[in-house]
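> Pasting in a structure now, in C-alpha cells, and then I'll have a few things to ask.
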Amino acid sequence: MIGQTINLEAAVASFYQPLYRFAYSLTRNEAEALDLTQQTFLILTQHVHQIREQEKLKSWLFTTLRREFLKTARRQSSYPEVEFHPGQHDAPSAEDAGGTAADAHTILQALDQVDEIYRVTLKLFYLGELSYREIADTLEVPVGTVMSRLSRGKEQLRTKIAGLETGVDPKIITMPQRKRKGHE
Amino acid sequence: MNNETAKVILSAYRHDGADAQDPLFTDALQQARLDPELGKWFEEQRAFDQRIFQAAQRIKTPASLKEVLIAVAQGAKARPRSRSRIPWSWLALAAVLVIAGLVLVGPLGVNRSNGENTLAVFQQDALAMLSGQPGPKLDFLTPSLPATQDYIAKEQGPLAPTLPAALKGMHTAGCLVTEWHHYRISLTCFLMHDGQLVHLVVLPKDALAGARLPGDFQAADGWRIVYRERDGMVMFWATHAPMNEFENLLQS
C-alpha cells in the first residue's frame with residue numbers, strides 16, 4: 001500500500017494513546033509527552049509520502065517518537081535525577097483512584113529501574129502495545145533479540161515490582177528534571 | 001523445543017491473543033498445552049502481562065490531545081507542502097531583485113518612525129512564530145477557551161480585553177505565553193470547523209512604541225491579518241483561512 005493511502009486522522013485515532021503513554025514513560029512529564037506526541041504526528045504529516053506500507057506505520061511512529069526524545073535528551077546537557085514529590089511536579093497522568101493509580105505508578109517506576117537494555121523493549125511492548133515484530137522494526141534489531149529482551153526484561157520487572165510493593169516508599173520516584181514549564 | 005526455549009518465545013506473546021494466528025508461536029503454544037509445568041508458567045505470565053497492560057491503560061491521555069492531533073492532520077491536508085524545487089536561475093534572479101529592492105526601499109525605511117519600524121518587526125516576528133508547520137508550538141494544549149484564559153492569566157500573560165462573539169464558542173488548539181522585546185505576550189489558537197487555525201497574539205500597546213495600527217484587513221506573506229486595539233492592548237489576528245471567512249469571524 002503506498003503512502004498516499006495512509007489516512008492521517010485514522011492514524012491519530014489508532015495510535016495517539018499508546019504513543020502518548022510511551023512518550024510519558026520516557027519523559028515522566030505530561031507537557032513533554034504532549035510535545036513529543038504532537039511532534040511525531042507533525043513529522044508524519046510531512047513525511048507520510050515516504051511510508052510505503054501501512055503495516056509499517058505504527059513502527060514508524062514509535063521510531064520517530066523515540067528518535068525525537070533522544071534528540072531532545074541530547075540537547076539537554078545535564079539530565080540529573082531528582083526526587084519526585086506529588087504536588088510539586090507534574091501530577092502523573094494516571095487515574096486518581098487510590099490503589100489503581102498507585103499500581104500505574106509502581107509499574108512506571110519499576111520499568112524505569114529495569115536494566116536499560118530491556119527497558120525500551122518492555123515499554124514498547126506494554127505501553128506502546130507493539131508486537132515483537134513491530135518492536136524489532138522500531139529498534140532495528142532481530143526478532144530473536146526482542147524475544148530474548150522481553151523474556152529477561154519481564155523477569156527483572158517482576159522482581160522490581162515485588163521489591164517496590166514490599167519495601168520502598170512508593171511516593172518517591174526518580175525522574176528526569178523538568179526543563180520546560182507545564183500546566184499543572 | 002525445550003521449555004526454556006518455549007518460555008523465551010512465549011514471552012513475546014501478547015496476553016490478549018493478538019498473536020494467536022502467528023505461526024511463530026504455534027509450537028510453543030502447543031507445548032504449553034501439553035506440559036503442565038510450562039502451562040502453569042504461561043498462565044502466570046499472561047496474568048502478569050494483563051496486570052501491566054491494565055495499569056498502562058490507566059495512564060490517562062489529556063482530553064484535548066486527540067482533537068489537537070486531528071487538527072494537525074487536517075491542517076496538513078488543507079495545506080499540502082509543495083515538493084517542487086525552484087531552479088537556481090530563478091533564485092539568482094530573485095536575489096538580484098531583493099538587492100535592488102533594498103537599495104531603492106532602504107532610504108524610505110530609514111525615514112519611517114520608530115513606531116512603524118517596531119510594528120514591522122513585531123509583525124515579522126509574530127508571523128514567524130505562527131509559521132511552524134502546521135501550527136506554532138504551544139505550551140498548553142486544550143480545546144477550552146476558558147482554560148487557555150486561565151493558563152495565560154496564571155503565566156501573567158496579557159488577555160484579550162474583548163473577543164468576537166463567534167470565537168467564544170469555538171474550540172481552541174491551545175495557547176502560549178512568551179516574551180517579545182521584554183514584554184509579555186500571549187498567543188491563543190482557535191480551531192475553525194475545517195481545521196484551519198485562527199491565531200490571536202495579544203500584547204501591550206506600549207510594546208509597539210506608539211505605532212499607528214492599520215485598521216483594515218490585509219494580506220501579508222501568505223497570511224490574512226488584522227490589528228485591533230482596546231484598553232491599552234493590541235490584538236493581532238492572523239490566519240490562512242480565506243479573507244471573507246476571516247472577516248465574518250472577527251466582525252461577528
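A note on labels: chains of the C-alpha cells are A, B, ... as shown, every chain counts residues from 1, and ligands are counted from 1 in their shown order.
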Output the contact residues of chain B with respect to chain A at a cut-off of 7 Å, based on only C-alpha atoms, as a list in words.

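Matching residues, ligands excluded from the count: Val8, Ile9, Ser11, Ala12, Ile52, Phe53, Ala55, Ala56, Arg58, Ile59, Lys60, Thr61, Lys66, Leu69, Ile70, Val72, Ala73, Ala76 and Phe140 of chain B.
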
> Could you turn the residues from that selection into a file that holds N, CA and C atoms, as a PDB file, in the first residue's frame?


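Output saved as result.pdb:
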```
ATOM      1  N   VAL B   8      11.026 -18.372  26.256  1.00  0.00           N
ATOM      2  CA  VAL B   8      11.528 -17.167  25.581  1.00  0.00           C
ATOM      3  C   VAL B   8      10.556 -16.757  24.476  1.00  0.00           C
ATOM      4  N   ILE B   9      10.097 -17.714  23.723  1.00  0.00           N
ATOM      5  CA  ILE B   9       9.162 -17.398  22.631  1.00  0.00           C
ATOM      6  C   ILE B   9       7.836 -16.875  23.202  1.00  0.00           C
ATOM      7  N   SER B  11       7.266 -15.392  25.852  1.00  0.00           N
ATOM      8  CA  SER B  11       7.379 -14.070  26.496  1.00  0.00           C
ATOM      9  C   SER B  11       6.959 -12.963  25.546  1.00  0.00           C
ATOM     10  N   ALA B  12       7.018 -13.244  24.262  1.00  0.00           N
ATOM     11  CA  ALA B  12       6.640 -12.226  23.269  1.00  0.00           C
ATOM     12  C   ALA B  12       5.168 -12.312  22.877  1.00  0.00           C
ATOM     13  N   ILE B  52       0.058  -5.590  33.919  1.00  0.00           N
ATOM     14  CA  ILE B  52       0.868  -4.450  33.452  1.00  0.00           C
ATOM     15  C   ILE B  52       0.102  -3.673  32.376  1.00  0.00           C
ATOM     16  N   PHE B  53      -0.509  -4.403  31.453  1.00  0.00           N
ATOM     17  CA  PHE B  53      -1.281  -3.729  30.402  1.00  0.00           C
ATOM     18  C   PHE B  53      -2.413  -2.894  31.012  1.00  0.00           C
ATOM     19  N   ALA B  55      -2.599  -1.603  33.969  1.00  0.00           N
ATOM     20  CA  ALA B  55      -2.035  -0.428  34.643  1.00  0.00           C
ATOM     21  C   ALA B  55      -1.659   0.632  33.606  1.00  0.00           C
ATOM     22  N   ALA B  56      -1.100   0.190  32.499  1.00  0.00           N
ATOM     23  CA  ALA B  56      -0.703   1.142  31.444  1.00  0.00           C
ATOM     24  C   ALA B  56      -1.922   1.858  30.871  1.00  0.00           C
ATOM     25  N   ARG B  58      -4.378   2.794  32.381  1.00  0.00           N
ATOM     26  CA  ARG B  58      -4.884   3.807  33.324  1.00  0.00           C
ATOM     27  C   ARG B  58      -4.082   5.094  33.273  1.00  0.00           C
ATOM     28  N   ILE B  59      -3.026   5.110  32.502  1.00  0.00           N
ATOM     29  CA  ILE B  59      -2.307   6.382  32.288  1.00  0.00           C
ATOM     30  C   ILE B  59      -3.172   7.187  31.329  1.00  0.00           C
ATOM     31  N   LYS B  60      -3.756   8.220  31.859  1.00  0.00           N
ATOM     32  CA  LYS B  60      -4.737   8.984  31.067  1.00  0.00           C
ATOM     33  C   LYS B  60      -4.052   9.813  30.000  1.00  0.00           C
ATOM     34  N   THR B  61      -4.671   9.872  28.847  1.00  0.00           N
ATOM     35  CA  THR B  61      -4.205  10.814  27.827  1.00  0.00           C
ATOM     36  C   THR B  61      -5.034  12.087  27.975  1.00  0.00           C
ATOM     37  N   LYS B  66      -6.391  14.299  21.301  1.00  0.00           N
ATOM     38  CA  LYS B  66      -6.860  13.737  20.038  1.00  0.00           C
ATOM     39  C   LYS B  66      -7.333  14.847  19.093  1.00  0.00           C
ATOM     40  N   LEU B  69      -4.431  16.729  17.621  1.00  0.00           N
ATOM     41  CA  LEU B  69      -3.703  15.942  16.614  1.00  0.00           C
ATOM     42  C   LEU B  69      -4.518  15.795  15.332  1.00  0.00           C
ATOM     43  N   ILE B  70      -5.825  15.671  15.480  1.00  0.00           N
ATOM     44  CA  ILE B  70      -6.688  15.622  14.288  1.00  0.00           C
ATOM     45  C   ILE B  70      -6.554  16.948  13.527  1.00  0.00           C
ATOM     46  N   VAL B  72      -3.985  18.842  13.504  1.00  0.00           N
ATOM     47  CA  VAL B  72      -2.678  18.785  12.842  1.00  0.00           C
ATOM     48  C   VAL B  72      -2.814  18.037  11.518  1.00  0.00           C
ATOM     49  N   ALA B  73      -3.507  16.896  11.561  1.00  0.00           N
ATOM     50  CA  ALA B  73      -3.674  16.084  10.349  1.00  0.00           C
ATOM     51  C   ALA B  73      -4.518  16.826   9.313  1.00  0.00           C
ATOM     52  N   ALA B  76      -2.613  19.589   7.667  1.00  0.00           N
ATOM     53  CA  ALA B  76      -1.672  19.101   6.648  1.00  0.00           C
ATOM     54  C   ALA B  76      -2.399  18.833   5.335  1.00  0.00           C
ATOM     55  N   PHE B 140       0.489  24.992  26.053  1.00  0.00           N
ATOM     56  CA  PHE B 140      -0.655  24.372  26.723  1.00  0.00           C
ATOM     57  C   PHE B 140      -1.694  24.016  25.675  1.00  0.00           C
TER      58      PHE B 140
END
```

> Quick one: residues within 9 Å of stretch 217-229 of chain B, only C-alpha atoms, excluding same-chain residues fewer than 3 positions away - as a ChimeraX atom specification?

/B:127,205,213-214,232-243,246-247

> Based on DSSP run over this structure's backbone, return all residues of stretch 195-251 of chain B in alpha helix (DSSP H), as a ChimeraX atom specification.

/B:243-250

> As a PyMOL selection string, list the residues of stretch 95-231 of chain B assigned to strand (DSSP E) by DSSP on the backbone atoms of this structure.

chain B and resi 140-141+172-180+183-191+197-204+218-220+223-230

> Those residues with C-alpha atoms, as an mmCIF file, in the first residue's frame please?


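Output (result_35.cif):
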```cif
data_model
loop_
_atom_site.group_PDB
_atom_site.id
_atom_site.type_symbol
_atom_site.label_atom_id
_atom_site.label_comp_id
_atom_site.auth_asym_id
_atom_site.auth_seq_id
_atom_site.Cartn_x
_atom_site.Cartn_y
_atom_site.Cartn_z
ATOM 1 C CA PHE B 140 -0.655 24.372 26.723
ATOM 2 C CA LEU B 141 -2.932 22.274 24.557
ATOM 3 C CA THR B 172 -9.026 26.226 20.740
ATOM 4 C CA ALA B 173 -5.888 24.270 19.939
ATOM 5 C CA GLY B 174 -4.120 25.817 22.904
ATOM 6 C CA CYS B 175 -2.034 28.792 23.897
ATOM 7 C CA LEU B 176 1.392 30.107 24.667
ATOM 8 C CA VAL B 177 2.819 32.874 26.833
ATOM 9 C CA THR B 178 6.216 34.222 25.920
ATOM 10 C CA GLU B 179 8.204 37.458 25.742
ATOM 11 C CA TRP B 180 8.799 39.845 22.878
ATOM 12 C CA TYR B 183 7.056 42.449 27.043
ATOM 13 C CA ARG B 184 4.859 39.503 27.946
ATOM 14 C CA ILE B 185 2.734 38.448 25.001
ATOM 15 C CA SER B 186 0.163 35.688 24.647
ATOM 16 C CA LEU B 187 -0.893 33.555 21.718
ATOM 17 C CA THR B 188 -4.205 31.727 21.514
ATOM 18 C CA CYS B 189 -5.005 29.461 18.562
ATOM 19 C CA PHE B 190 -8.641 28.924 17.645
ATOM 20 C CA LEU B 191 -9.783 25.919 15.633
ATOM 21 C CA LEU B 197 -6.365 27.882 12.725
ATOM 22 C CA VAL B 198 -7.034 31.486 13.648
ATOM 23 C CA HIS B 199 -4.284 32.969 15.793
ATOM 24 C CA LEU B 200 -4.599 35.780 18.285
ATOM 25 C CA VAL B 201 -1.478 37.484 19.626
ATOM 26 C CA VAL B 202 -2.080 39.919 22.481
ATOM 27 C CA LEU B 203 0.490 42.413 23.708
ATOM 28 C CA PRO B 204 0.519 45.770 25.495
ATOM 29 C CA GLN B 218 -4.688 42.844 4.964
ATOM 30 C CA ALA B 219 -2.833 40.065 3.185
ATOM 31 C CA ALA B 220 0.820 39.709 4.218
ATOM 32 C CA TRP B 223 -1.407 35.383 5.810
ATOM 33 C CA ARG B 224 -4.617 37.301 6.319
ATOM 34 C CA ILE B 225 -4.066 39.707 9.212
ATOM 35 C CA VAL B 226 -5.737 42.492 11.102
ATOM 36 C CA TYR B 227 -4.927 44.612 14.143
ATOM 37 C CA ARG B 228 -7.378 45.641 16.831
ATOM 38 C CA GLU B 229 -6.760 47.793 19.894
ATOM 39 C CA ARG B 230 -8.628 48.175 23.136
#
```

> To one decimal place, how far is atom CA of B:Lys137 from atom CA of B:Tyr151 in Å?

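Going from atom CA of B:Lys137 over to atom CA of B:Tyr151 covers 15.5 Å.
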
> One decimal, in Å: what's the spacing between atom CA of B:Thr5 and atom CA of B:Gln45?

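Spanning atom CA of B:Thr5 to atom CA of B:Gln45 is a straight-line distance of 14.8 Å.
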
> Which distance in Å separates atom CA of B:Gly195 and atom CA of B:Ala63, to one decimal?

17.7 Å
